[in-house]
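Only one structure is covered here, and it is reproduced in the block below.
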Amino acid sequence: MTNKKKGNAFTNNPIVRAIGVQKVVVVLVLILLLIFFSVKSSSFWTYASLLSIMDYTYYLAFLGIGVTFCLITGGVDLSIGTGMFCYALAGGYLITKMDMPVIVGILVTVGMGVLVGLVNGLIVSKGGHAPFLATLCTMMIVRGLGAIITGGSSITWPIAGTPEGWTRNLFKFTLPSGTKIPLGFLWVLIAAVVMSIILNKTRPGRYIIAIGSNKEATRLSGINVAKYQTLAYLICGFFTGLAALAYSSAFQSMTPGGGGGVELNAIGGAIIGGTSMSGGSGTIAGTILGVFIMSILQTGLPKVGLQANYQQIIIGVVLLVAVYVDVLKNKKLS
């Protein structure tokens with residue numbers, strides 16, 4: 001009995017129980033990664049490196065927040081990576097090639113995300129298609145659509161310092177001295193707080209969780225499952241549009257056909273943060289923590305001299321471990 005109590009000392013700690021065991025573990029891993037890269041690379045713990053981490057975090061965080069809602073329903077959205085590129089390409093094309101106002105490009109970028117999210121939701125909820133296959137199809141469609149819209153050419157949103165480049169200041173504000181302020185972190189924080197409230201404190205959020213826990217029981221209780229399942233994909237599409245804005249503001253150019261694999265980093269961040277692949281559980285706070293781990297790996301691994309292929313292997317192993325932990329957790333609960 002004594003050994004059992006000792007073994008459970010960590011999990012029974014009031015602070016750990018209040019925060020959540022998995023979140024505490026993720027925070028510890030986050031701290032260890034920061035220490036590791038700081039020791040291995042003298043250039044890691046610099047302001048420029050931190051800005052680079054934040055650039056990755058902005059769009060991955062928005063993608064992660066959105067896809068968390070899909071995952072909680074027991075589904076997934078594989079179109080968010082190529083979709084992010086497609087919407088950013090379309091909005092940028094209108095601004096730079098068609099001389100449209102920047103606000104029009106922004107509305108089109110976010111609007112396309114919402115539209116594709118709605119289509120995904122209807123295909124899954126009304127059409128009865130498996131989320132994996134349905135969103136795999138839309139992933140291929142938006143990848144080709146981005147190339148068609150731009151004629152196969154790369155697109156760069158207006159650069160900072162120009163009258164049309166004010167969107168870049170929304171995420172990385174430049175002071176007169178030249179110092180860059182990671183303002184995008186504020187928008188990510190606001191989005192995370194708002195969506196956490198929606199997920200945990202509102203009726204739609206509770207229904208979305210209920211669908212992932214037991215869809216049939218939720219339907220029998222009189223809840224319109226198709227409506228709230230579609231809503232989850234609509235939210236995901238909206239945040240994919242925001243991610244497209246964040247990406248176009250942080251990076252110089254986008255190439256048609258890009259974005260493949262980005263969805264795995266966002267989904268991986270959500271799973272690392274405790275969102276279950278089988279649905280029914282997940283938190284926005286956990287997703288943000290998981291996304292930070294993915295961002296730190298993407299920034300830190302090149303600084304310790306690892307080539308791109310090795311980076312992919314390590315990130316893949318991290319995701320594999322996260323999925324395995326999720327499987328073990330679900331077995332324990334069952």
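All residue names refer to the structure tokens as shown: chains lettered A, B, ... in order, residues numbered from 1 in each chain, ligands numbered from 1 in order.
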Would you please give, as a PyMOL selection string, all residues of region 100-278 of chain A that DSSP assigns to helix (DSSP H, G or I) based on the backbone? chain A and resi 102-125+131-150+163-169+184-201+203-213+215-220+225-250+262-272
Contacts of Met84 (chain A) at 10 Å or less, counting only C-alpha atoms, minus same-chain residues fewer than 2 places along, as an MDAnalysis selection string? chainID A and resid 59 63 79:82 86:89 109:110 112:113 142:143 146 237 239:248 258:260 262:263
Give me a file of those residues, with C-alpha atoms, as a tab-separated table (two decimals), in the first residue's frame.
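Written out: out.tsv:
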chain	number	residue	atom	x	y	z
A	59	TYR	CA	0.08	29.46	-37.93
A	63	LEU	CA	-4.35	25.23	-37.28
A	79	SER	CA	-6.95	19.63	-45.82
A	80	ILE	CA	-5.72	22.32	-43.42
A	81	GLY	CA	-2.08	22.29	-44.58
A	82	THR	CA	-2.60	22.65	-48.32
A	86	CYS	CA	-4.29	27.84	-51.14
A	87	TYR	CA	-6.21	30.54	-49.24
A	88	ALA	CA	-3.07	32.63	-48.70
A	89	LEU	CA	-2.20	32.30	-52.40
A	109	THR	CA	-8.45	34.25	-47.48
A	110	VAL	CA	-10.58	33.67	-44.39
A	112	MET	CA	-12.28	30.39	-48.46
A	113	GLY	CA	-11.27	28.65	-45.25
A	142	VAL	CA	-7.39	22.91	-52.69
A	143	ARG	CA	-3.80	22.01	-53.61
A	146	GLY	CA	-4.12	27.23	-55.47
A	237	GLY	CA	-11.91	26.11	-41.66
A	239	PHE	CA	-8.91	29.00	-38.13
A	240	THR	CA	-7.22	27.63	-41.25
A	241	GLY	CA	-8.02	30.97	-42.86
A	242	LEU	CA	-6.47	32.78	-39.88
A	243	ALA	CA	-3.44	30.49	-40.16
A	244	ALA	CA	-3.11	31.51	-43.82
A	245	LEU	CA	-2.99	35.16	-42.76
A	246	ALA	CA	-0.39	34.36	-40.08
A	247	TYR	CA	1.77	32.41	-42.54
A	248	SER	CA	1.60	35.06	-45.25
A	258	GLY	CA	2.88	23.70	-50.78
A	259	GLY	CA	1.59	22.99	-47.31
A	260	GLY	CA	1.71	19.20	-47.51
A	262	VAL	CA	1.87	20.95	-42.21
A	263	GLU	CA	-1.41	19.40	-41.13
Mind checking which residues fall within 8 Å of region 29-31 of chain A, counting only C-alpha atoms, ignoring those fewer than 5 positions away in the same chain, and posting them as a ChimeraX atom specification? /A:289,292-293
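Of the listed residues (A:Gln307, A:Ile235, A:Leu297, A:Lys23), A:Ile235 comes nearest to Gly111 (chain A); the distances count only C-alpha atoms.
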Compare A:Gly91, A:Gly152, A:Pro131, A:Pro101 by their minimum atom-to-atom distance to Pro256 (chain A), counting only C-alpha atoms, and give me the closest one.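 Smallest distance to Pro256 (chain A) is found for A:Gly152.
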For Trp166 (chain A), list every protein, DNA or RNA residue within 12 Å, evaluated using only C-alpha atoms, and leave out those in the same chain fewer than 4 positions away; present the list as number ranges by chain. A: 101-103, 106, 157-162, 170-174, 245, 248-250
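With only C-alpha atoms as the basis for measurement, A:Ala285 is the residue among A:Tyr310, A:Asp55, A:Ala285, A:Val114 that approaches Val26 (chain A) most closely.
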What gap, in Å, lies between CA of Ala232 (chain A) and CA of Gly121 (chain A)? 7.3 Å
A:Leu264, A:Gln252, A:Leu34, A:Thr150 ranked by distance to Leu320 (chain A), top pick (using only C-alpha atoms):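 Closest to Leu320 (chain A) of all the choices is A:Leu264.
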Please report, as JSON lines, each residue of region 209-301 of chain A lying at most 12 Å from region 192-199 of chain A, together with the nearest pair of atoms and the separation in Å rounded to one decimal; use only C-alpha atoms, and order rows by chain and ascending residue number.
{"residue": "A:Ile209", "atom": "CA", "partner": "A:Leu199", "partner_atom": "CA", "distance": 7.9}
{"residue": "A:Ala210", "atom": "CA", "partner": "A:Leu199", "partner_atom": "CA", "distance": 11.1}
{"residue": "A:Tyr228", "atom": "CA", "partner": "A:Leu199", "partner_atom": "CA", "distance": 11.8}
{"residue": "A:Leu231", "atom": "CA", "partner": "A:Leu199", "partner_atom": "CA", "distance": 11.7}
{"residue": "A:Ala232", "atom": "CA", "partner": "A:Leu199", "partner_atom": "CA", "distance": 10.2}
{"residue": "A:Ile235", "atom": "CA", "partner": "A:Met195", "partner_atom": "CA", "distance": 9.6}
{"residue": "A:Cys236", "atom": "CA", "partner": "A:Met195", "partner_atom": "CA", "distance": 11.3}
{"residue": "A:Phe239", "atom": "CA", "partner": "A:Met195", "partner_atom": "CA", "distance": 10.7}
{"residue": "A:Gly280", "atom": "CA", "partner": "A:Leu199", "partner_atom": "CA", "distance": 11.6}
{"residue": "A:Ser281", "atom": "CA", "partner": "A:Leu199", "partner_atom": "CA", "distance": 10.5}
{"residue": "A:Gly282", "atom": "CA", "partner": "A:Leu199", "partner_atom": "CA", "distance": 9.4}
{"residue": "A:Thr283", "atom": "CA", "partner": "A:Ser196", "partner_atom": "CA", "distance": 7.0}
{"residue": "A:Ile284", "atom": "CA", "partner": "A:Ser196", "partner_atom": "CA", "distance": 5.6}
{"residue": "A:Ala285", "atom": "CA", "partner": "A:Ala192", "partner_atom": "CA", "distance": 6.9}
{"residue": "A:Gly286", "atom": "CA", "partner": "A:Ala192", "partner_atom": "CA", "distance": 10.1}
{"residue": "A:Thr287", "atom": "CA", "partner": "A:Ala192", "partner_atom": "CA", "distance": 9.2}
{"residue": "A:Ile288", "atom": "CA", "partner": "A:Ala192", "partner_atom": "CA", "distance": 7.7}
{"residue": "A:Leu289", "atom": "CA", "partner": "A:Ala192", "partner_atom": "CA", "distance": 11.0}
Excluding Tyr93 (chain A) and its own-chain neighbours fewer than 2 positions away, which residues fall within 8 Å of it when counting only C-alpha atoms? Please give them as a PyMOL selection string. chain A and resi 89-91+95-98+105+149-150+155
